[in-house]
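Working notes for the structure below.
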Amino acid sequence: MNGNTKEIKYTLAREEMIELLEKYPFLVYRNIYSGEKTHDTLDEDIEYNEWTSWDGSGWEHIWKRYLTYLFIEYDKLNEKIKKDFMIFETKEKYGSFRCYTSFGNKEIFELENKLGMISKWTCIRCGKQPKNSKGQHIIWRTTGWICPYCKECFKKEISGNDWSKKKERKWQKDMLQECKEVKKRDFAMLHYDYNTETRISYGDLWDF
Ligand SMILES: [Zn+2]
């Protein structure tokens, strides 16, 4: 589930995409065991690749921003590591964006952590990052399959895209009530860095 809404936010022209895939070959889908390309034609590679993999999702913008930072770190790697560098998998898990790469260093792990943390308060459906009047992030989470939504998308999600006052039913009200809106938190996130765990205050929040 990636909350696909079919609206692509950052598209690249064909020539730009070809250039990007040449410069960053890890964007091309490959079998992670054999290294063989998944698609046969250039047209398929242009349409289906890591850059476009979250197109239309609420997380498209954070994914593409993450990638642009990953490009910078990739450029610093030595040729041997570059050659074997791959993105093994990207997915939503427990309401956060997970990205697994074949090689990591401090900077790359840090980026993966940032992506995961920022995704937790980014609506998976529309990409909004709602805040309260104090500037703190507020997000609605579905229970069961945990996913972050802004309030509007959350309502749509639990009512099958057909939410209105008239159609509001008791179970929907109850569910809205049950779901936790994060209003007060004395820290913004947990930040993991190898063996240490530090808390970062709102004032220290970085952004992509
Ligand atoms: Zn939303």
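As shown in the structure tokens, the chain order sets the letters A, B, ...; within each chain, residues go from 1, and ligands are also counted from 1 in the order they appear.
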
**OP:** Write out as a PyMOL selection string each polymer residue whose atoms come within 12 Å of Asp84 of chain A, counting only C-alpha atoms; drop sequence neighbours fewer than 2 positions from it.
**Re:** chain A and resi 24-26+30+32-35+74+77-82+86-88+101-104

Quick one: everything within 10 Å of Ile8 of chain A, counting only C-alpha atoms, minus sequence neighbours fewer than 5 positions away in the same chain. Send it as a ChimeraX atom specification.
-> /A:52,54-58,60-61

*Check the DSSP output for the backbone and give back, as a PyMOL selection string, the residues of segment 90-161 of chain A in strand (DSSP E).*
chain A and resi 90-93+96-101+140-141+148-149

Can I get the selection written as an mmCIF file, in the first residue's frame, with N, CA and C atoms?
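Now in part-v2.cif:
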data_model
loop_
_atom_site.group_PDB
_atom_site.id
_atom_site.type_symbol
_atom_site.label_atom_id
_atom_site.label_comp_id
_atom_site.auth_asym_id
_atom_site.auth_seq_id
_atom_site.Cartn_x
_atom_site.Cartn_y
_atom_site.Cartn_z
ATOM 1 N N THR A 90 12.293 -0.764 -1.231
ATOM 2 C CA THR A 90 11.639 0.366 -0.560
ATOM 3 C C THR A 90 10.234 -0.082 -0.223
ATOM 4 N N LYS A 91 9.783 0.306 0.957
ATOM 5 C CA LYS A 91 8.421 -0.083 1.316
ATOM 6 C C LYS A 91 7.919 0.739 2.494
ATOM 7 N N GLU A 92 6.616 0.641 2.690
ATOM 8 C CA GLU A 92 6.009 1.215 3.879
ATOM 9 C C GLU A 92 5.945 0.111 4.913
ATOM 10 N N LYS A 93 6.436 0.392 6.111
ATOM 11 C CA LYS A 93 6.340 -0.593 7.186
ATOM 12 C C LYS A 93 6.031 0.127 8.494
ATOM 13 N N SER A 96 6.058 3.862 8.371
ATOM 14 C CA SER A 96 7.225 4.659 7.994
ATOM 15 C C SER A 96 7.882 4.099 6.731
ATOM 16 N N PHE A 97 8.560 4.988 6.043
ATOM 17 C CA PHE A 97 9.185 4.653 4.768
ATOM 18 C C PHE A 97 10.509 3.947 5.040
ATOM 19 N N ARG A 98 10.653 2.759 4.502
ATOM 20 C CA ARG A 98 11.906 2.030 4.669
ATOM 21 C C ARG A 98 12.615 1.910 3.323
ATOM 22 N N CYS A 99 13.892 2.167 3.368
ATOM 23 C CA CYS A 99 14.701 2.013 2.162
ATOM 24 C C CYS A 99 15.946 1.226 2.543
ATOM 25 N N TYR A 100 16.215 0.169 1.806
ATOM 26 C CA TYR A 100 17.373 -0.661 2.106
ATOM 27 C C TYR A 100 18.343 -0.624 0.923
ATOM 28 N N THR A 101 19.583 -0.244 1.214
ATOM 29 C CA THR A 101 20.588 -0.181 0.150
ATOM 30 C C THR A 101 21.669 -1.237 0.391
ATOM 31 N N TRP A 140 -2.424 11.691 11.786
ATOM 32 C CA TRP A 140 -3.417 10.699 12.165
ATOM 33 C C TRP A 140 -2.914 9.351 11.706
ATOM 34 N N ARG A 141 -3.062 8.379 12.571
ATOM 35 C CA ARG A 141 -2.597 7.047 12.195
ATOM 36 C C ARG A 141 -3.748 6.066 12.229
ATOM 37 N N PRO A 148 0.272 6.845 8.238
ATOM 38 C CA PRO A 148 0.032 8.226 8.610
ATOM 39 C C PRO A 148 -0.818 8.972 7.578
ATOM 40 N N TYR A 149 -1.799 9.710 8.078
ATOM 41 C CA TYR A 149 -2.663 10.498 7.193
ATOM 42 C C TYR A 149 -2.893 11.883 7.785
#

Could you please extract the residues within 6 Å of ligand 1, counting only C-alpha atoms and all ligand atoms, and hand them back as a list of chain:residue names?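 So, counting only C-alpha atoms and all ligand atoms, the residues near ligand 1 are A:Cys123, A:Arg125, A:Cys126, A:Gly127, A:Lys128, A:Tyr149, A:Cys150, A:Glu152, A:Cys153.
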
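Atom pair atom CA of Gly116 of chain A / atom CA of Asn132 of chain A: separated by 21.1 Å.
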
Fewer than 5 positions away in the same chain doesn't count, so skip those; otherwise give me all residues within 10 Å of Ile18 of chain A, counting only C-alpha atoms, as a PDB file with C-alpha atoms, in the first residue's frame.
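So the final result, stored in around.pdb, reads:
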ATOM      1  CA  LEU A  12      11.346  14.370 -15.722  1.00  0.00           C
ATOM      2  CA  ALA A  13      11.541  14.736 -19.468  1.00  0.00           C
ATOM      3  CA  LYS A  23      24.601   8.792 -14.026  1.00  0.00           C
ATOM      4  CA  TYR A  24      22.921   6.780 -11.265  1.00  0.00           C
ATOM      5  CA  LEU A  42      14.942   1.489 -22.434  1.00  0.00           C
ATOM      6  CA  ASP A  43      11.331   2.662 -22.577  1.00  0.00           C
ATOM      7  CA  ASP A  45      13.457   1.498 -17.702  1.00  0.00           C
ATOM      8  CA  ILE A  46      12.379   5.084 -18.229  1.00  0.00           C
TER       9      ILE A  46
END

The distance between atom CA of Trp145 of chain A and atom CA of Glu50 of chain A is 24.3 Å
